[in-house]
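Reproduced below: upload36.txt, with compact mmCIF, C-alpha atoms and all ligand atoms.
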# COMPACT_ATOMS: atom_id res chain seq x y z
CA MET A 1 -33.36 52.12 -98.54
CA SER A 2 -32.57 49.96 -95.55
CA ASP A 3 -35.93 48.38 -94.81
CA ILE A 4 -35.80 44.67 -94.12
CA SER A 5 -38.49 42.34 -95.44
CA ALA A 6 -41.74 41.74 -93.59
CA ALA A 7 -40.65 38.13 -93.11
CA LEU A 8 -37.38 39.10 -91.43
CA ALA A 9 -39.13 41.76 -89.35
CA ARG A 10 -41.17 38.98 -87.75
CA ILE A 11 -38.12 37.40 -86.14
CA ARG A 12 -35.20 38.40 -83.97
CA ALA A 13 -31.65 37.11 -83.98
CA SER A 14 -31.02 33.85 -82.13
CA ARG A 15 -30.56 34.63 -78.46
CA THR A 16 -28.39 31.57 -77.87
CA THR A 17 -25.90 32.63 -80.50
CA ALA A 18 -26.18 36.35 -79.59
CA ILE A 19 -25.28 35.86 -75.94
CA THR A 20 -22.49 33.45 -76.83
CA ASP A 21 -21.03 35.95 -79.31
CA ARG A 22 -21.23 38.58 -76.55
CA ALA A 23 -19.35 36.30 -74.14
CA THR A 24 -16.68 35.71 -76.80
CA GLN A 25 -16.30 39.48 -77.34
CA LEU A 26 -15.99 40.12 -73.60
CA ARG A 27 -13.35 37.42 -73.32
CA ALA A 28 -11.44 38.89 -76.26
CA ALA A 29 -11.55 42.21 -74.41
CA GLY A 30 -9.85 40.55 -71.44
CA ARG A 31 -12.87 39.79 -69.22
CA ASP A 32 -12.95 36.49 -67.36
CA ILE A 33 -16.22 34.96 -68.59
CA ILE A 34 -17.37 31.36 -68.17
CA SER A 35 -19.74 30.65 -71.01
CA LEU A 36 -22.55 28.24 -70.15
CA SER A 37 -24.74 29.75 -72.83
CA VAL A 38 -24.24 27.70 -75.95
CA GLY A 39 -25.03 24.01 -76.28
CA GLU A 40 -21.66 22.72 -77.34
CA PRO A 41 -19.75 19.78 -75.85
CA ASP A 42 -16.38 20.78 -74.43
CA PHE A 43 -14.84 17.43 -75.41
CA ALA A 44 -12.31 17.26 -78.22
CA THR A 45 -13.66 15.90 -81.51
CA PRO A 46 -12.65 12.19 -81.66
CA PRO A 47 -9.20 11.79 -83.26
CA HIS A 48 -10.42 9.35 -85.93
CA VAL A 49 -12.86 12.02 -87.13
CA ILE A 50 -10.11 14.63 -87.35
CA ALA A 51 -7.90 12.12 -89.20
CA ALA A 52 -10.70 11.42 -91.69
CA ALA A 53 -11.17 15.17 -92.31
CA LYS A 54 -7.44 15.65 -92.96
CA ALA A 55 -7.29 12.62 -95.24
CA ALA A 56 -10.35 13.85 -97.14
CA LEU A 57 -8.72 17.24 -97.76
CA ASP A 58 -5.59 15.52 -99.03
CA ALA A 59 -7.76 13.38 -101.29
CA GLY A 60 -9.41 16.46 -102.81
CA ALA A 61 -12.62 16.93 -100.80
CA THR A 62 -12.56 20.62 -101.66
CA ARG A 63 -15.28 20.72 -104.29
CA TYR A 64 -19.05 20.63 -104.71
CA THR A 65 -20.88 17.41 -103.88
CA PRO A 66 -24.47 16.42 -104.69
CA VAL A 67 -26.88 18.83 -102.92
CA GLY A 68 -28.08 16.35 -100.29
CA GLY A 69 -24.64 14.85 -99.69
CA THR A 70 -22.28 12.32 -101.23
CA ALA A 71 -23.35 8.70 -101.67
CA ALA A 72 -21.04 7.80 -98.76
CA MET A 73 -22.61 10.51 -96.60
CA LYS A 74 -26.16 9.34 -97.33
CA ALA A 75 -25.21 5.71 -96.69
CA ALA A 76 -23.62 6.65 -93.34
CA ALA A 77 -26.68 8.71 -92.40
CA ALA A 78 -29.01 5.80 -93.27
CA LEU A 79 -26.80 3.51 -91.16
CA HIS A 80 -27.08 5.96 -88.25
CA PHE A 81 -30.86 6.21 -88.50
CA ALA A 82 -31.23 2.40 -88.55
CA ARG A 83 -28.62 1.53 -85.91
CA ASP A 84 -29.08 4.38 -83.44
CA LEU A 85 -32.70 5.45 -83.87
CA GLY A 86 -34.41 2.29 -85.15
CA ILE A 87 -35.58 4.02 -88.34
CA ASP A 88 -35.07 1.97 -91.51
CA VAL A 89 -34.97 4.22 -94.56
CA PRO A 90 -33.49 3.87 -98.03
CA VAL A 91 -30.68 6.32 -98.83
CA SER A 92 -33.05 8.16 -101.17
CA GLN A 93 -35.02 9.20 -98.08
CA VAL A 94 -32.16 10.81 -96.20
CA THR A 95 -30.51 14.15 -96.80
CA THR A 96 -27.64 16.15 -95.35
CA SER A 97 -27.48 19.84 -94.54
CA ALA A 98 -25.32 22.43 -92.83
CA GLY A 99 -26.37 21.44 -89.32
CA GLY A 100 -29.72 20.17 -88.11
CA LYS A 101 -30.85 23.81 -87.99
CA GLN A 102 -30.70 24.12 -91.78
CA ALA A 103 -32.67 20.90 -92.28
CA ILE A 104 -35.39 22.22 -89.95
CA PHE A 105 -35.38 25.57 -91.75
CA HIS A 106 -35.77 23.93 -95.14
CA ALA A 107 -38.45 21.48 -94.01
CA LEU A 108 -40.61 24.25 -92.54
CA LEU A 109 -40.00 26.75 -95.36
CA ALA A 110 -40.81 24.06 -97.93
CA THR A 111 -44.20 23.20 -96.43
CA LEU A 112 -45.71 26.15 -94.57
CA ASP A 113 -48.12 28.71 -95.98
CA PRO A 114 -49.64 31.77 -94.31
CA GLY A 115 -52.49 30.63 -92.07
CA ASP A 116 -50.86 27.32 -91.22
CA GLU A 117 -50.29 26.49 -87.56
CA VAL A 118 -47.36 24.72 -85.96
CA ILE A 119 -47.67 23.13 -82.54
CA VAL A 120 -44.53 23.81 -80.54
CA PRO A 121 -44.19 22.32 -77.04
CA ALA A 122 -42.87 25.04 -74.72
CA PRO A 123 -40.25 25.65 -73.42
CA TYR A 124 -38.76 25.21 -76.89
CA TRP A 125 -35.44 25.69 -78.62
CA VAL A 126 -35.18 29.36 -79.65
CA SER A 127 -35.10 28.80 -83.39
CA TYR A 128 -38.29 26.72 -83.75
CA PRO A 129 -40.81 29.55 -83.37
CA GLU A 130 -38.66 32.03 -85.27
CA ILE A 131 -38.41 29.74 -88.31
CA VAL A 132 -42.18 29.15 -88.18
CA ARG A 133 -42.84 32.90 -88.05
CA PHE A 134 -40.34 33.56 -90.84
CA ALA A 135 -42.31 31.12 -92.98
CA GLY A 136 -45.45 33.17 -92.30
CA ALA A 137 -47.17 30.54 -90.18
CA ARG A 138 -48.49 30.74 -86.64
CA VAL A 139 -46.86 29.25 -83.55
CA VAL A 140 -49.23 27.35 -81.27
CA PRO A 141 -47.34 26.71 -78.02
CA VAL A 142 -48.31 23.79 -75.81
CA GLU A 143 -47.05 24.39 -72.32
CA CYS A 144 -45.02 21.71 -70.54
CA ARG A 145 -44.79 22.48 -66.84
CA ALA A 146 -41.72 22.36 -64.63
CA GLN A 147 -43.66 20.52 -61.91
CA ASP A 148 -44.31 17.74 -64.47
CA GLY A 149 -40.61 17.55 -65.35
CA PHE A 150 -41.49 19.49 -68.55
CA ARG A 151 -43.10 16.33 -69.97
CA LEU A 152 -45.41 16.78 -72.96
CA ASP A 153 -49.05 15.84 -72.37
CA PRO A 154 -50.53 14.12 -75.48
CA ALA A 155 -53.99 15.37 -74.44
CA ALA A 156 -52.73 18.96 -74.65
CA VAL A 157 -51.45 18.27 -78.16
CA ALA A 158 -54.84 16.80 -79.11
CA ALA A 159 -56.55 19.94 -77.83
CA ALA A 160 -54.23 22.18 -79.86
CA ILE A 161 -54.85 20.50 -83.23
CA THR A 162 -57.11 22.48 -85.59
CA PRO A 163 -57.87 22.15 -89.32
CA HIS A 164 -54.96 24.60 -89.85
CA THR A 165 -52.34 22.50 -88.05
CA ARG A 166 -49.51 21.60 -90.41
CA TRP A 167 -46.73 20.45 -88.08
CA LEU A 168 -46.12 19.17 -84.59
CA LEU A 169 -42.54 19.75 -83.45
CA LEU A 170 -41.01 17.20 -81.08
CA ASN A 171 -37.56 17.36 -79.51
CA SER A 172 -36.33 14.55 -77.28
CA PRO A 173 -34.16 14.80 -75.29
CA GLY A 174 -35.29 18.39 -75.32
CA ASN A 175 -33.46 21.68 -75.47
CA PRO A 176 -33.70 23.61 -73.10
CA THR A 177 -35.37 21.26 -70.59
CA GLY A 178 -33.65 17.89 -71.05
CA ALA A 179 -37.09 16.23 -70.94
CA VAL A 180 -37.35 12.88 -72.71
CA LEU A 181 -40.42 11.55 -74.55
CA SER A 182 -41.04 8.00 -73.35
CA ALA A 183 -42.29 5.18 -75.58
CA PRO A 184 -45.75 5.16 -73.91
CA VAL A 185 -46.14 8.91 -74.49
CA LEU A 186 -45.09 8.50 -78.13
CA HIS A 187 -47.69 5.73 -78.55
CA GLN A 188 -50.32 8.09 -77.16
CA LEU A 189 -49.14 10.82 -79.53
CA ALA A 190 -49.42 8.39 -82.45
CA SER A 191 -53.07 7.77 -81.51
CA VAL A 192 -53.67 11.51 -81.27
CA LEU A 193 -52.15 12.06 -84.72
CA ALA A 194 -53.78 9.12 -86.53
CA PRO A 195 -57.05 10.91 -87.39
CA HIS A 196 -55.22 14.05 -88.64
CA PRO A 197 -53.43 13.06 -91.87
CA ARG A 198 -52.54 16.68 -92.73
CA VAL A 199 -50.35 17.03 -89.64
CA LEU A 200 -46.65 16.41 -90.25
CA VAL A 201 -44.28 15.66 -87.37
CA LEU A 202 -40.77 16.97 -87.03
CA SER A 203 -38.86 14.90 -84.51
CA ASP A 204 -35.60 16.59 -83.60
CA ASP A 205 -33.48 13.81 -82.11
CA ILE A 206 -30.15 15.60 -82.20
CA TYR A 207 -29.52 14.82 -78.49
CA ALA A 208 -30.60 11.14 -78.71
CA PRO A 209 -27.26 9.61 -77.65
CA LEU A 210 -27.07 11.95 -74.63
CA ARG A 211 -29.70 10.37 -72.40
CA PHE A 212 -29.63 9.42 -68.72
CA THR A 213 -32.74 7.20 -68.84
CA PRO A 214 -32.35 3.42 -69.09
CA GLY A 215 -33.14 1.50 -72.29
CA ALA A 216 -33.08 2.47 -75.94
CA HIS A 217 -33.96 5.87 -77.34
CA ALA A 218 -37.63 6.11 -78.36
CA THR A 219 -38.60 8.07 -81.44
CA LEU A 220 -41.95 8.43 -83.21
CA ALA A 221 -40.93 7.11 -86.66
CA ALA A 222 -39.75 3.85 -85.07
CA ILE A 223 -42.66 3.61 -82.60
CA ALA A 224 -45.35 4.37 -85.15
CA PRO A 225 -44.18 3.19 -88.60
CA GLN A 226 -47.76 3.60 -89.83
CA LEU A 227 -47.15 7.37 -89.59
CA ALA A 228 -43.67 7.24 -91.16
CA ASP A 229 -44.87 8.89 -94.37
CA ARG A 230 -45.38 12.13 -92.43
CA ILE A 231 -42.53 12.11 -89.94
CA LEU A 232 -39.25 13.91 -90.52
CA THR A 233 -36.51 12.89 -88.10
CA ILE A 234 -33.55 15.19 -87.61
CA SER A 235 -30.19 14.09 -86.27
CA GLY A 236 -26.53 14.92 -86.70
CA VAL A 237 -23.03 14.75 -85.31
CA SER A 238 -22.74 18.19 -83.68
CA LYS A 239 -23.79 17.30 -80.14
CA SER A 240 -23.05 13.57 -80.00
CA HIS A 241 -19.59 13.68 -81.60
CA ALA A 242 -18.47 17.18 -80.51
CA MET A 243 -18.54 18.39 -84.11
CA THR A 244 -20.54 21.63 -83.89
CA GLY A 245 -18.14 23.52 -86.14
CA PHE A 246 -18.33 20.97 -88.94
CA ARG A 247 -22.00 21.89 -89.51
CA ILE A 248 -23.49 18.56 -90.54
CA GLY A 249 -27.11 17.64 -89.87
CA VAL A 250 -29.02 14.71 -91.33
CA ALA A 251 -32.73 14.14 -91.92
CA ALA A 252 -34.86 11.11 -92.76
CA GLY A 253 -38.42 11.32 -93.97
CA PRO A 254 -40.89 10.77 -96.79
CA GLN A 255 -39.48 11.03 -100.29
CA TRP A 256 -41.54 14.06 -101.32
CA LEU A 257 -40.37 16.05 -98.30
CA ILE A 258 -36.70 15.09 -98.67
CA SER A 259 -36.89 16.12 -102.35
CA ALA A 260 -38.59 19.39 -101.41
CA MET A 261 -35.89 20.18 -98.83
CA GLU A 262 -33.16 19.43 -101.36
CA ARG A 263 -34.88 21.62 -103.94
CA LEU A 264 -34.72 24.53 -101.50
CA GLN A 265 -31.17 23.70 -100.44
CA SER A 266 -30.07 23.68 -104.10
CA HIS A 267 -30.77 27.43 -104.15
CA ASN A 268 -29.49 28.14 -100.67
CA SER A 269 -26.16 26.73 -99.52
CA GLY A 270 -26.06 23.98 -102.12
CA ASN A 271 -24.23 21.06 -100.57
CA PRO A 272 -22.85 20.92 -97.04
CA ALA A 273 -19.04 21.24 -96.93
CA ALA A 274 -17.36 18.28 -98.64
CA VAL A 275 -14.72 17.91 -95.92
CA SER A 276 -17.35 17.98 -93.19
CA GLN A 277 -19.29 15.23 -94.91
CA ALA A 278 -16.18 13.03 -94.92
CA ALA A 279 -15.71 13.71 -91.21
CA ALA A 280 -19.37 12.89 -90.50
CA VAL A 281 -19.07 9.60 -92.40
CA ALA A 282 -16.16 8.67 -90.11
CA ALA A 283 -18.21 9.75 -87.09
CA PHE A 284 -21.20 7.56 -88.02
CA GLU A 285 -19.17 4.58 -89.26
CA GLY A 286 -16.39 4.64 -86.67
CA PRO A 287 -16.39 3.56 -83.01
CA GLN A 288 -19.32 4.72 -80.90
CA ASP A 289 -18.14 3.37 -77.54
CA PHE A 290 -16.92 6.76 -76.27
CA LEU A 291 -20.54 7.99 -76.26
CA ALA A 292 -21.37 5.97 -73.13
CA GLU A 293 -18.37 7.50 -71.38
CA TRP A 294 -19.31 11.04 -72.41
CA CYS A 295 -22.85 10.42 -71.29
CA GLU A 296 -21.63 9.30 -67.88
CA THR A 297 -19.53 12.46 -67.60
CA PHE A 298 -22.57 14.58 -68.46
CA ARG A 299 -24.63 12.72 -65.87
CA THR A 300 -22.07 13.47 -63.15
CA ARG A 301 -22.00 17.13 -64.17
CA ARG A 302 -25.79 17.24 -64.26
CA ASP A 303 -26.00 15.90 -60.71
CA PHE A 304 -23.48 18.45 -59.51
CA VAL A 305 -25.23 21.36 -61.24
CA VAL A 306 -28.74 20.37 -60.12
CA GLY A 307 -27.53 20.07 -56.51
CA ALA A 308 -25.69 23.39 -56.63
CA ILE A 309 -28.63 25.23 -58.24
CA ASP A 310 -31.14 23.89 -55.75
CA ALA A 311 -28.88 25.05 -52.90
CA ILE A 312 -28.99 28.69 -54.08
CA PRO A 313 -31.96 30.58 -52.56
CA GLY A 314 -34.43 31.64 -55.27
CA LEU A 315 -33.26 29.07 -57.85
CA SER A 316 -34.59 25.60 -58.63
CA THR A 317 -34.51 23.16 -61.52
CA PRO A 318 -36.13 19.86 -62.45
CA VAL A 319 -33.61 17.06 -63.10
CA PRO A 320 -33.02 16.80 -66.86
CA ASP A 321 -33.16 13.25 -68.31
CA GLY A 322 -30.99 14.03 -71.31
CA ALA A 323 -29.07 16.63 -73.36
CA PHE A 324 -26.82 18.95 -71.36
CA TYR A 325 -29.02 21.78 -70.17
CA CYS A 326 -30.78 22.77 -66.97
CA LEU A 327 -33.70 25.16 -67.28
CA VAL A 328 -33.44 27.04 -64.01
CA ASP A 329 -36.49 28.68 -62.45
CA ALA A 330 -35.59 32.07 -60.98
CA ALA A 331 -39.14 33.44 -60.62
CA PRO A 332 -38.66 34.25 -56.89
CA LEU A 333 -35.86 36.66 -57.85
CA MET A 334 -37.86 38.68 -60.35
CA ASP A 335 -38.88 41.26 -57.71
CA ARG A 336 -35.21 42.12 -57.49
CA TYR A 337 -34.19 41.95 -61.18
CA GLY A 338 -37.39 42.77 -63.07
CA ASP A 339 -37.04 40.19 -65.83
CA ASP A 340 -34.77 37.33 -66.74
CA GLU A 341 -32.96 39.33 -69.44
CA ALA A 342 -31.78 41.67 -66.64
CA LEU A 343 -30.88 38.67 -64.49
CA ALA A 344 -28.79 37.16 -67.31
CA LEU A 345 -26.98 40.50 -67.76
CA HIS A 346 -26.36 40.65 -64.02
CA LEU A 347 -24.83 37.16 -64.13
CA LEU A 348 -22.76 38.18 -67.16
CA ASP A 349 -21.44 41.10 -65.10
CA HIS A 350 -20.35 38.49 -62.56
CA GLY A 351 -18.58 36.45 -65.21
CA VAL A 352 -21.12 33.78 -66.21
CA ALA A 353 -22.96 33.70 -69.55
CA VAL A 354 -26.36 31.97 -69.55
CA VAL A 355 -29.44 32.38 -71.74
CA PRO A 356 -32.66 33.90 -70.30
CA ALA A 357 -35.42 31.29 -70.07
CA SER A 358 -37.82 33.71 -71.77
CA ALA A 359 -35.84 33.13 -75.00
CA PHE A 360 -37.21 29.58 -74.89
CA GLY A 361 -40.76 30.56 -73.98
CA GLY A 362 -40.09 29.53 -70.37
CA LYS A 363 -40.98 31.05 -67.02
CA PRO A 364 -38.46 33.65 -65.72
CA GLY A 365 -35.09 32.01 -65.24
CA PHE A 366 -32.18 30.91 -67.35
CA ARG A 367 -30.79 27.99 -69.30
CA LEU A 368 -27.41 26.77 -68.24
CA SER A 369 -25.38 24.32 -70.33
CA PHE A 370 -23.40 21.79 -68.34
CA ALA A 371 -21.32 20.86 -71.37
CA ALA A 372 -18.34 22.46 -69.64
CA SER A 373 -15.45 21.19 -67.54
CA ASP A 374 -15.90 20.35 -63.85
CA GLU A 375 -13.65 23.30 -62.94
CA ALA A 376 -15.65 25.71 -65.11
CA LEU A 377 -18.94 24.47 -63.64
CA THR A 378 -17.69 24.71 -60.06
CA ALA A 379 -16.40 28.24 -60.62
CA ALA A 380 -19.55 29.30 -62.49
CA LEU A 381 -21.91 28.02 -59.81
CA SER A 382 -19.95 29.80 -57.12
CA ARG A 383 -20.03 33.03 -59.17
CA ILE A 384 -23.80 32.64 -59.61
CA GLU A 385 -24.22 32.16 -55.86
CA ASP A 386 -22.11 35.25 -55.11
CA ALA A 387 -23.94 37.31 -57.75
CA LEU A 388 -27.33 36.53 -56.22
CA GLN A 389 -26.39 37.16 -52.62
N1 LIG B 401 -28.47 24.48 -80.34
C1 LIG B 401 -27.46 25.06 -79.52
C2 LIG B 401 -28.06 25.83 -78.37
O1 LIG B 401 -29.25 25.83 -78.18
C3 LIG B 401 -26.52 25.89 -80.35
C4 LIG B 401 -26.92 27.29 -80.63
C5 LIG B 401 -28.15 27.36 -81.44
O2 LIG B 401 -28.10 26.95 -82.60
O3 LIG B 401 -29.16 27.79 -80.89
O4 LIG B 401 -27.32 26.39 -77.62
Here is the file; what I need is its structure written in the form of structure tokens.
Ligand code: GLU
Amino acid sequence: MSDISAALARIRASRTTAITDRATQLRAAGRDIISLSVGEPDFATPPHVIAAAKAALDAGATRYTPVGGTAAMKAAAALHFARDLGIDVPVSQVTTSAGGKQAIFHALLATLDPGDEVIVPAPYWVSYPEIVRFAGARVVPVECRAQDGFRLDPAAVAAAITPHTRWLLLNSPGNPTGAVLSAPVLHQLASVLAPHPRVLVLSDDIYAPLRFTPGAHATLAAIAPQLADRILTISGVSKSHAMTGFRIGVAAGPQWLISAMERLQSHNSGNPAAVSQAAAVAAFEGPQDFLAEWCETFRTRRDFVVGAIDAIPGLSTPVPDGAFYCLVDAAPLMDRYGDDEALALHLLDHGVAVVPASAFGGKPGFRLSFAASDEALTAALSRIEDALQ
């Protein structure tokens, strides 16, 4: 008997991780592939973080910890939420998981029932709708248009709310578009949400430090504290501190939800890796000044990539305000390639791995990560140009 469950049959494997695994296999087989598929900074993890991980191992961080993280981990996470996101929470209202992805998975699985609806601004990160479907709930996409810089329209969210709505998912800066939710838009969203007490909000702020807009990061829990008892904010160290492999995500939210997520986690992975928690504590408590430098590097790369994409006939992209992705429109090329899956395979044949935009609920095109070296980006863009000639 090899039948999978009905729940698993509703979802497919992550297309970001699938294409990246494929690129890794091709490289191992000797092919020259530049991978711009996965969202992973190419910078080295800061040395003080590595030193903290080594010291923690020597000090015996090889055992179980409390499910939601050590006391030091929770304190560091609370410090991060207050200092970097403007969200003041007691340590009892934060939890730690194996990456932000696991926190999102647990939050949705812990609260969704069949018949519930989840509003997901599109284009969206691949895993949001799949987790919703796995939980047996319905995805309600709200389209954000390229010509509007992929900005979310609060009126469209208002129109999508029904008595069945359980969650609104927000992600700013956004993956795959790089769009940023401004403070005025968040205020409007708060007004939209006020009369709907059943609607919870998941604000995925994992890319918050990687922003090219002036001023402080704006997030709903800080903008609308009156709604804080139904907002879950997700953050972590993966993207900001080049620590993807450590797998540490953090979440802050209402007590009942944090407890529910930890209840689920206690039967799933248990605690996140002890050594990774020690590294994340060092990341949150240590120097943060390198972030501005990294951000500047990403901005330079963004400007290069946007210019190079726009110069290739058939391709165009809005200018992302944050994160490290461009969502490239390739609709004019679909006559030639059929769909964007075929286009991505064609580019892979020419040595560049990207993710089809359809994986993110976008118009035909592809997502390109500019978290890669200048040399890799220059070579990749020239390969893309050659491949499309
Ligand atoms: N979030 C990153 C991305 O979108 C990592 C892969 C994943 O978890 O989807 O590329």
Excluding region 317-324 of chain A and any residue of its chain fewer than 5 positions from it, enumerate the residues within 8 Å of it, using all atoms listed in the file, and give them as a PyMOL selection string. chain A and resi 39+146-147+149+173-175+177-180+207-208+210-213+298+302+306+309-310+329+369-371
Measure the distance from CA of Ala53 (chain A) to CA of Ala278 (chain A) in Å and round it to one decimal.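 Taking CA of Ala53 (chain A) and CA of Ala278 (chain A), their separation equals 6.0 Å.
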Using all atoms of region 290-306 of chain A listed in the file and a margin of 5 Å per side, can you give the axis-aligned box centre and edge lengths in Å to one decimal, as AutoDock Vina command-line options?
--center_x -22.8 --center_y 13.7 --center_z -67.9 --size_x 21.8 --size_y 25.4 --size_z 26.8
Contacts between ligand LIG 401 (chain B) and chain A, please, where a residue of chain A counts if it comes within 6 Å (with all atoms listed in the file); show its shortest atom pair and distance in Å to one decimal, rows by chain and ascending number, as JSON lines.
{"residue": "A:Thr16", "atom": "CA", "partner": "B:LIG401", "partner_atom": "O3", "distance": 4.9}
{"residue": "A:Thr17", "atom": "CA", "partner": "B:LIG401", "partner_atom": "C4", "distance": 5.4}
{"residue": "A:Val38", "atom": "CA", "partner": "B:LIG401", "partner_atom": "O4", "distance": 3.7}
{"residue": "A:Gly39", "atom": "CA", "partner": "B:LIG401", "partner_atom": "O4", "distance": 3.6}
Serialized selection, C-alpha atoms, as a JSON list (two decimals), in the frame of the given file:
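In the end it all went to result.json:
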[["chain", "number", "residue", "atom", "x", "y", "z"],
["A", 16, "THR", "CA", -28.39, 31.57, -77.87],
["A", 17, "THR", "CA", -25.90, 32.63, -80.50],
["A", 38, "VAL", "CA", -24.24, 27.70, -75.95],
["A", 39, "GLY", "CA", -25.03, 24.01, -76.28]]
Find the residues around region 87-98 of chain A up to 9 Å (all atoms listed in the file counted), leave out those fewer than 2 positions away in its own chain, and share them as a VMD selection string. chain A and resid 67 to 71 73 to 85 100 to 103 219 221 to 222 225 233 236 246 to 259 261 to 262 265 269 to 273 277
Could you take the residues named above and write them with C-alpha atoms, as a short mmCIF file (atom, residue, chain, number, x, y, z; two decimals), in the frame of the given file?
data_model
loop_
_atom_site.label_atom_id
_atom_site.label_comp_id
_atom_site.auth_asym_id
_atom_site.auth_seq_id
_atom_site.Cartn_x
_atom_site.Cartn_y
_atom_site.Cartn_z
CA VAL A 67 -26.88 18.83 -102.92
CA GLY A 68 -28.08 16.35 -100.29
CA GLY A 69 -24.64 14.85 -99.69
CA THR A 70 -22.28 12.32 -101.23
CA ALA A 71 -23.35 8.70 -101.67
CA MET A 73 -22.61 10.51 -96.60
CA LYS A 74 -26.16 9.34 -97.33
CA ALA A 75 -25.21 5.71 -96.69
CA ALA A 76 -23.62 6.65 -93.34
CA ALA A 77 -26.68 8.71 -92.40
CA ALA A 78 -29.01 5.80 -93.27
CA LEU A 79 -26.80 3.51 -91.16
CA HIS A 80 -27.08 5.96 -88.25
CA PHE A 81 -30.86 6.21 -88.50
CA ALA A 82 -31.23 2.40 -88.55
CA ARG A 83 -28.62 1.53 -85.91
CA ASP A 84 -29.08 4.38 -83.44
CA LEU A 85 -32.70 5.45 -83.87
CA GLY A 100 -29.72 20.17 -88.11
CA LYS A 101 -30.85 23.81 -87.99
CA GLN A 102 -30.70 24.12 -91.78
CA ALA A 103 -32.67 20.90 -92.28
CA THR A 219 -38.60 8.07 -81.44
CA ALA A 221 -40.93 7.11 -86.66
CA ALA A 222 -39.75 3.85 -85.07
CA PRO A 225 -44.18 3.19 -88.60
CA THR A 233 -36.51 12.89 -88.10
CA GLY A 236 -26.53 14.92 -86.70
CA PHE A 246 -18.33 20.97 -88.94
CA ARG A 247 -22.00 21.89 -89.51
CA ILE A 248 -23.49 18.56 -90.54
CA GLY A 249 -27.11 17.64 -89.87
CA VAL A 250 -29.02 14.71 -91.33
CA ALA A 251 -32.73 14.14 -91.92
CA ALA A 252 -34.86 11.11 -92.76
CA GLY A 253 -38.42 11.32 -93.97
CA PRO A 254 -40.89 10.77 -96.79
CA GLN A 255 -39.48 11.03 -100.29
CA TRP A 256 -41.54 14.06 -101.32
CA LEU A 257 -40.37 16.05 -98.30
CA ILE A 258 -36.70 15.09 -98.67
CA SER A 259 -36.89 16.12 -102.35
CA MET A 261 -35.89 20.18 -98.83
CA GLU A 262 -33.16 19.43 -101.36
CA GLN A 265 -31.17 23.70 -100.44
CA SER A 269 -26.16 26.73 -99.52
CA GLY A 270 -26.06 23.98 -102.12
CA ASN A 271 -24.23 21.06 -100.57
CA PRO A 272 -22.85 20.92 -97.04
CA ALA A 273 -19.04 21.24 -96.93
CA GLN A 277 -19.29 15.23 -94.91
#
Proximity to Leu200 (chain A) - best of A:Ala107, A:Leu333, A:Asn171, A:Pro129, only C-alpha atoms: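 Of A:Ala107, A:Leu333, A:Asn171, A:Pro129, the one nearest Leu200 (chain A), counting only C-alpha atoms, is A:Ala107.
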Using all atoms listed in the file, the shortest atom-to-atom distance to Ala280 (chain A) among A:Ser35, A:Gly245, A:Gly314, A:Asp113 belongs to A:Gly245
Within 10 Å of Ile131 (chain A), counting all atoms listed in the file, which residues show up once you throw out same-chain ones fewer than 5 positions away? Write them as a ChimeraX atom specification, please. /A:7-8,10-11,101,104-106,108-109,126,136-137,139
Using all atoms listed in the file, which residues sit within 12 Å of Trp294 (chain A) once same-chain residues fewer than 4 positions away are excluded, as a PyMOL selection string? chain A and resi 41-46+209-212+239-242+288-290+298-301+323-324+371-373
Residues of the last selection are to be written out with C-alpha atoms, as a short mmCIF file (atom, residue, chain, number, x, y, z; two decimals), in the coordinates of the input.
data_model
loop_
_atom_site.label_atom_id
_atom_site.label_comp_id
_atom_site.auth_asym_id
_atom_site.auth_seq_id
_atom_site.Cartn_x
_atom_site.Cartn_y
_atom_site.Cartn_z
CA PRO A 41 -19.75 19.78 -75.85
CA ASP A 42 -16.38 20.78 -74.43
CA PHE A 43 -14.84 17.43 -75.41
CA ALA A 44 -12.31 17.26 -78.22
CA THR A 45 -13.66 15.90 -81.51
CA PRO A 46 -12.65 12.19 -81.66
CA PRO A 209 -27.26 9.61 -77.65
CA LEU A 210 -27.07 11.95 -74.63
CA ARG A 211 -29.70 10.37 -72.40
CA PHE A 212 -29.63 9.42 -68.72
CA LYS A 239 -23.79 17.30 -80.14
CA SER A 240 -23.05 13.57 -80.00
CA HIS A 241 -19.59 13.68 -81.60
CA ALA A 242 -18.47 17.18 -80.51
CA GLN A 288 -19.32 4.72 -80.90
CA ASP A 289 -18.14 3.37 -77.54
CA PHE A 290 -16.92 6.76 -76.27
CA PHE A 298 -22.57 14.58 -68.46
CA ARG A 299 -24.63 12.72 -65.87
CA THR A 300 -22.07 13.47 -63.15
CA ARG A 301 -22.00 17.13 -64.17
CA ALA A 323 -29.07 16.63 -73.36
CA PHE A 324 -26.82 18.95 -71.36
CA ALA A 371 -21.32 20.86 -71.37
CA ALA A 372 -18.34 22.46 -69.64
CA SER A 373 -15.45 21.19 -67.54
#
Record the distance separating CA of Arg138 (chain A) and CA of Asp116 (chain A), expressed in Å with one decimal.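 A separation of 6.2 Å between them.
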Out of A:Ile223, A:Glu130, A:Val49, A:Met243, which residue has the shortest atom-to-atom distance to Gly286 (chain A) when counting only C-alpha atoms? A:Val49
